[in-house]
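This is run36.txt (compact mmCIF, C-alpha atoms).
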# COMPACT_ATOMS: atom_id res chain seq x y z
CA MET U 1 0.00 0.00 0.00
CA SER U 2 1.24 3.53 -0.73
CA ARG U 3 0.26 7.17 -0.65
CA TYR U 4 1.14 10.21 -2.72
CA VAL U 5 3.75 12.48 -1.07
CA SER U 6 4.83 15.92 -2.23
CA TYR U 7 7.86 17.77 -0.88
CA TRP U 8 7.36 21.51 -0.55
CA LEU U 9 9.98 24.22 -0.22
CA VAL U 10 8.31 26.77 2.09
CA PRO U 11 9.26 30.46 2.31
CA ALA U 12 10.88 32.02 5.37
CA MET U 13 8.59 33.98 7.69
CA ALA U 14 8.63 37.46 6.05
CA PRO U 15 7.95 36.36 2.45
CA ARG U 16 5.65 33.61 3.71
CA SER U 17 3.44 36.13 5.56
CA PHE U 18 3.17 38.33 2.47
CA LEU U 19 2.44 35.40 0.12
CA GLN U 20 0.03 33.79 2.60
CA GLU U 21 -1.97 37.03 2.74
CA CYS U 22 -2.07 37.17 -1.07
CA ILE U 23 -3.25 33.53 -1.27
CA ALA U 24 -5.87 34.08 1.45
CA THR U 25 -7.26 37.18 -0.28
CA LEU U 26 -7.45 35.46 -3.68
CA ALA U 27 -9.04 32.36 -2.10
CA GLN U 28 -11.69 34.46 -0.38
CA VAL U 29 -12.49 36.61 -3.42
CA HIS U 30 -12.65 33.63 -5.80
CA GLN U 31 -14.17 31.10 -3.38
CA ALA U 32 -11.14 28.86 -3.75
CA PRO U 33 -9.18 26.68 -1.29
CA PHE U 34 -6.65 28.18 1.08
CA PHE U 35 -3.14 26.64 1.15
CA VAL U 36 0.38 27.32 2.40
CA PRO U 37 2.71 29.08 -0.07
CA HIS U 38 5.20 26.56 -1.43
CA VAL U 39 7.31 25.36 -4.34
CA THR U 40 6.91 21.64 -4.99
CA ILE U 41 10.38 20.17 -5.41
CA TYR U 42 9.41 16.50 -5.77
CA SER U 43 6.22 14.47 -5.78
CA GLY U 44 5.21 10.87 -6.27
CA GLU U 45 3.97 7.61 -4.86
CA SER U 46 5.48 6.61 -1.51
CA PRO U 47 5.10 3.25 0.28
CA LEU U 48 3.68 3.65 3.80
CA GLY U 49 6.97 2.40 5.32
CA GLU U 50 9.05 5.06 3.55
CA ASP U 51 10.18 7.88 5.87
CA PRO U 52 9.75 11.33 4.23
CA LEU U 53 11.94 12.93 6.90
CA GLU U 54 14.82 10.64 5.93
CA ILE U 55 14.36 11.61 2.26
CA ILE U 56 14.42 15.30 3.21
CA ASP U 57 17.49 14.88 5.43
CA GLN U 58 19.49 12.94 2.83
CA SER U 59 18.50 15.18 -0.09
CA LEU U 60 19.02 18.53 1.61
CA ARG U 61 22.11 17.80 3.71
CA GLY U 62 24.27 20.93 3.69
CA VAL U 63 21.55 23.21 2.24
CA GLN U 64 21.02 26.08 4.71
CA GLN U 65 18.51 28.09 2.67
CA VAL U 66 17.34 28.53 -0.89
CA THR U 67 16.77 31.87 -2.60
CA LEU U 68 14.74 32.05 -5.82
CA GLN U 69 14.22 35.04 -8.11
CA VAL U 70 10.75 35.60 -9.57
CA GLN U 71 10.77 35.51 -13.36
CA SER U 72 7.11 36.29 -14.11
CA ILE U 73 3.51 35.79 -13.08
CA LEU U 74 1.65 33.28 -15.21
CA SER U 75 -1.43 31.14 -15.48
CA ALA U 76 -1.91 27.70 -17.02
CA ASP U 77 -4.61 25.12 -17.64
CA ALA U 78 -3.79 22.97 -14.59
CA PHE U 79 -6.00 23.46 -11.52
CA THR U 80 -2.88 23.98 -9.38
CA LYS U 81 -1.47 26.59 -11.78
CA THR U 82 -4.42 28.96 -12.05
CA LEU U 83 -2.18 31.87 -11.10
CA PHE U 84 1.44 31.48 -10.06
CA LEU U 85 4.86 33.06 -9.64
CA GLN U 86 7.35 31.41 -12.00
CA PHE U 87 10.91 31.34 -10.65
CA TYR U 88 14.14 31.15 -12.60
CA PRO U 89 15.69 27.64 -12.61
CA SER U 90 17.85 26.66 -9.65
CA GLU U 91 20.81 24.27 -9.80
CA VAL U 92 20.43 23.54 -6.09
CA LEU U 93 16.78 22.55 -6.47
CA SER U 94 17.55 20.46 -9.55
CA ARG U 95 20.14 18.50 -7.56
CA VAL U 96 17.72 18.08 -4.62
CA THR U 97 14.94 16.82 -6.91
CA GLU U 98 17.26 14.28 -8.53
CA GLN U 99 18.51 13.13 -5.12
CA MET U 100 14.92 12.66 -3.90
CA ARG U 101 14.17 10.62 -7.01
CA ARG U 102 17.23 8.41 -6.41
CA ILE U 103 16.35 7.83 -2.75
CA SER U 104 12.62 7.18 -3.28
CA ALA U 105 11.44 3.58 -3.09
CA LYS U 106 9.17 4.30 -6.09
CA PRO U 107 10.99 6.91 -8.21
CA SER U 108 8.62 9.33 -9.89
CA PRO U 109 8.94 11.01 -13.31
CA TYR U 110 8.25 14.35 -11.55
CA VAL U 111 9.78 17.28 -13.44
CA LEU U 112 10.90 20.27 -11.38
CA ASP U 113 9.15 23.49 -12.43
CA PRO U 114 9.95 26.05 -9.72
CA HIS U 115 6.76 28.03 -9.24
CA LEU U 116 4.62 29.19 -6.35
CA SER U 117 0.89 29.05 -6.89
CA LEU U 118 -1.30 31.88 -5.65
CA LEU U 119 -4.71 30.45 -6.58
CA TYR U 120 -6.23 27.03 -7.25
CA LYS U 121 -9.44 27.49 -9.22
CA HIS U 122 -10.91 26.34 -12.50
CA MET U 123 -11.27 29.58 -14.52
CA ASP U 124 -11.33 30.47 -18.19
CA ALA U 125 -8.11 31.68 -19.80
CA GLN U 126 -9.27 35.28 -20.26
CA ASP U 127 -10.19 35.65 -16.57
CA LYS U 128 -6.82 34.18 -15.52
CA ARG U 129 -4.90 36.58 -17.77
CA ALA U 130 -6.88 39.55 -16.44
CA LEU U 131 -6.23 38.45 -12.86
CA ALA U 132 -2.50 37.96 -13.54
CA ALA U 133 -2.30 41.56 -14.79
CA THR U 134 -3.50 42.81 -11.37
CA ILE U 135 -0.75 41.12 -9.35
CA ARG U 136 2.48 42.95 -8.55
CA LEU U 137 5.59 40.80 -8.77
CA PRO U 138 7.98 40.69 -5.83
CA THR U 139 11.15 42.49 -6.94
CA SER U 140 13.47 40.91 -4.41
CA PRO U 141 14.42 37.23 -4.31
CA VAL U 142 12.23 34.96 -2.18
CA LEU U 143 14.02 33.21 0.68
CA PHE U 144 12.97 29.64 1.57
CA ASP U 145 14.05 27.96 4.80
CA ALA U 146 11.95 24.81 5.29
CA VAL U 147 10.75 21.67 3.53
CA TRP U 148 7.42 20.05 4.30
CA ALA U 149 6.25 16.60 3.25
CA ILE U 150 2.55 16.52 2.36
CA ALA U 151 0.48 13.35 1.94
CA ALA U 152 -2.46 13.31 -0.46
CA ASP U 153 -4.62 10.88 -2.39
CA GLY U 154 -3.05 11.98 -5.68
CA ILE U 155 -2.61 15.03 -7.86
CA PRO U 156 -5.08 17.71 -6.70
CA ARG U 157 -7.79 18.54 -9.22
CA THR U 158 -10.45 20.05 -6.97
CA ALA U 159 -10.79 22.18 -3.83
CA GLU U 160 -11.85 19.04 -1.94
CA ASP U 161 -8.53 17.39 -2.87
CA VAL U 162 -6.64 20.35 -1.40
CA LEU U 163 -8.64 20.14 1.84
CA GLY U 164 -7.51 16.51 2.19
CA TRP U 165 -3.80 17.32 2.32
CA GLU U 166 -1.97 16.18 5.45
CA VAL U 167 1.35 17.56 6.69
CA VAL U 168 3.53 14.49 7.36
CA CYS U 169 6.67 16.27 8.58
CA VAL U 170 8.46 19.61 8.57
CA ARG U 171 12.21 20.20 8.51
CA ARG U 172 13.92 23.58 8.64
CA LEU U 173 16.83 23.79 6.22
CA GLY U 174 20.16 23.45 7.96
CA GLU U 175 18.65 21.02 10.51
CA ALA U 176 19.00 17.98 8.25
CA LEU U 177 20.83 15.18 10.05
Could you write out this file's structure as structure tokens?
Amino acid sequence: MSRYVSYWLVPAMAPRSFLQECIATLAQVHQAPFFVPHVTIYSGESPLGEDPLEIIDQSLRGVQQVTLQVQSILSADAFTKTLFLQFYPSEVLSRVTEQMRRISAKPSPYVLDPHLSLLYKHMDAQDKRALAATIRLPTSPVLFDAVWAIAADGIPRTAEDVLGWEVVCVRRLGEAL
């Protein structure tokens, strides 16, 4: 038996507060689910005996923090990419993703796409583009200092799926054993 586990890079307190407020406002206005700001760095099936904390510790050993620069604000067809901040690629995150894949009992074909979603909602393309035009991009890099492992029933496609997420463990960067 297995579950679906996603590993999230979570912003440090100052950017997290700002982004959390943005997500909360958009969720309220658009009657959408509320979620923690994050960049998914790896995701896939995980046997129940697999320890996500061990995967985090092995993959992020020596990583004290991660800083990502916002490239643009975009929207896409996927439910989880209604409106999102696209970051420039990161060599550090690419290495971490590959290490997680190597360590995982059931390696996933997950492809790293460093972005931080601001809204999960099925909307038409024109409405998403109009909404994207109203959002101001952060001009400074976003600092991340924690990784969370989240268990789910699969890839989220609805608000109900998002409500079913469960935080399995949390590790601050630099605390990896």
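Residue nearest U:Ile155, chosen from U:Ala78, U:Val111, U:Ile56, U:Ala125 and counting all atoms listed in the file: U:Ala78.
With all atoms listed in the file taken into account, the protein and nucleic acid residues at most 8 Å from U:Leu9 (excluding it and anything under 5 positions from it in its own chain) are His38, Val39, Thr40, Ile41, Phe144, Asp145, Ala146, Val147 and Trp148 of chain U.
Distances from U:Gly44, U:Gly164, U:Pro141, U:Pro114 to U:Tyr7 were compared using all atoms listed in the file, and the smallest one belongs to U:Gly44.
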* To do: Excluding U:Ile73 and residues on its chain fewer than 4 positions from it, collect all residues at most 6 Å away from it, counting only C-alpha atoms, and give them as an NGL selection string.
  => :U and (84-86)
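Counting all atoms listed in the file, U:Ala149 has the following residues at most 9 Å away, ignoring those fewer than 6 positions along the same chain: Val5, Ser6, Tyr7, Trp8, Pro52, Leu53, Ile56, Glu166, Val167, Val168, Cys169, Val170 and Arg171 of chain U.
Within 12 Å of the file-frame point (16.1, 42.4, -5.4), and using only C-alpha atoms, the polymer residues found are Thr67, Leu68, Gln69, Val70, Gln71, Leu137, Pro138, Thr139, Ser140, Pro141, Val142 and Leu143 of chain U.
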Would you save the residues from that selection as a CSV table (one decimal), in the coordinates of the input, using C-alpha atoms?
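Saved the output as out_38.csv:
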chain,number,residue,atom,x,y,z
U,67,THR,CA,16.8,31.9,-2.6
U,68,LEU,CA,14.7,32.0,-5.8
U,69,GLN,CA,14.2,35.0,-8.1
U,70,VAL,CA,10.8,35.6,-9.6
U,71,GLN,CA,10.8,35.5,-13.4
U,137,LEU,CA,5.6,40.8,-8.8
U,138,PRO,CA,8.0,40.7,-5.8
U,139,THR,CA,11.2,42.5,-6.9
U,140,SER,CA,13.5,40.9,-4.4
U,141,PRO,CA,14.4,37.2,-4.3
U,142,VAL,CA,12.2,35.0,-2.2
U,143,LEU,CA,14.0,33.2,0.7
U:Glu21: which residues within 12 Å, counting all atoms listed in the file, same-chain residues fewer than 3 positions away excluded, as an mmCIF file with C-alpha atoms, in the frame of the given file?
data_model
loop_
_atom_site.group_PDB
_atom_site.id
_atom_site.type_symbol
_atom_site.label_atom_id
_atom_site.label_comp_id
_atom_site.auth_asym_id
_atom_site.auth_seq_id
_atom_site.Cartn_x
_atom_site.Cartn_y
_atom_site.Cartn_z
ATOM 1 C CA ALA U 14 8.630 37.460 6.050
ATOM 2 C CA PRO U 15 7.950 36.360 2.450
ATOM 3 C CA ARG U 16 5.650 33.610 3.710
ATOM 4 C CA SER U 17 3.440 36.130 5.560
ATOM 5 C CA PHE U 18 3.170 38.330 2.470
ATOM 6 C CA ALA U 24 -5.870 34.080 1.450
ATOM 7 C CA THR U 25 -7.260 37.180 -0.280
ATOM 8 C CA LEU U 26 -7.450 35.460 -3.680
ATOM 9 C CA ALA U 27 -9.040 32.360 -2.100
ATOM 10 C CA GLN U 28 -11.690 34.460 -0.380
ATOM 11 C CA PHE U 34 -6.650 28.180 1.080
ATOM 12 C CA PHE U 35 -3.140 26.640 1.150
ATOM 13 C CA VAL U 36 0.380 27.320 2.400
ATOM 14 C CA PRO U 37 2.710 29.080 -0.070
ATOM 15 C CA LEU U 118 -1.300 31.880 -5.650
ATOM 16 C CA LEU U 119 -4.710 30.450 -6.580
#
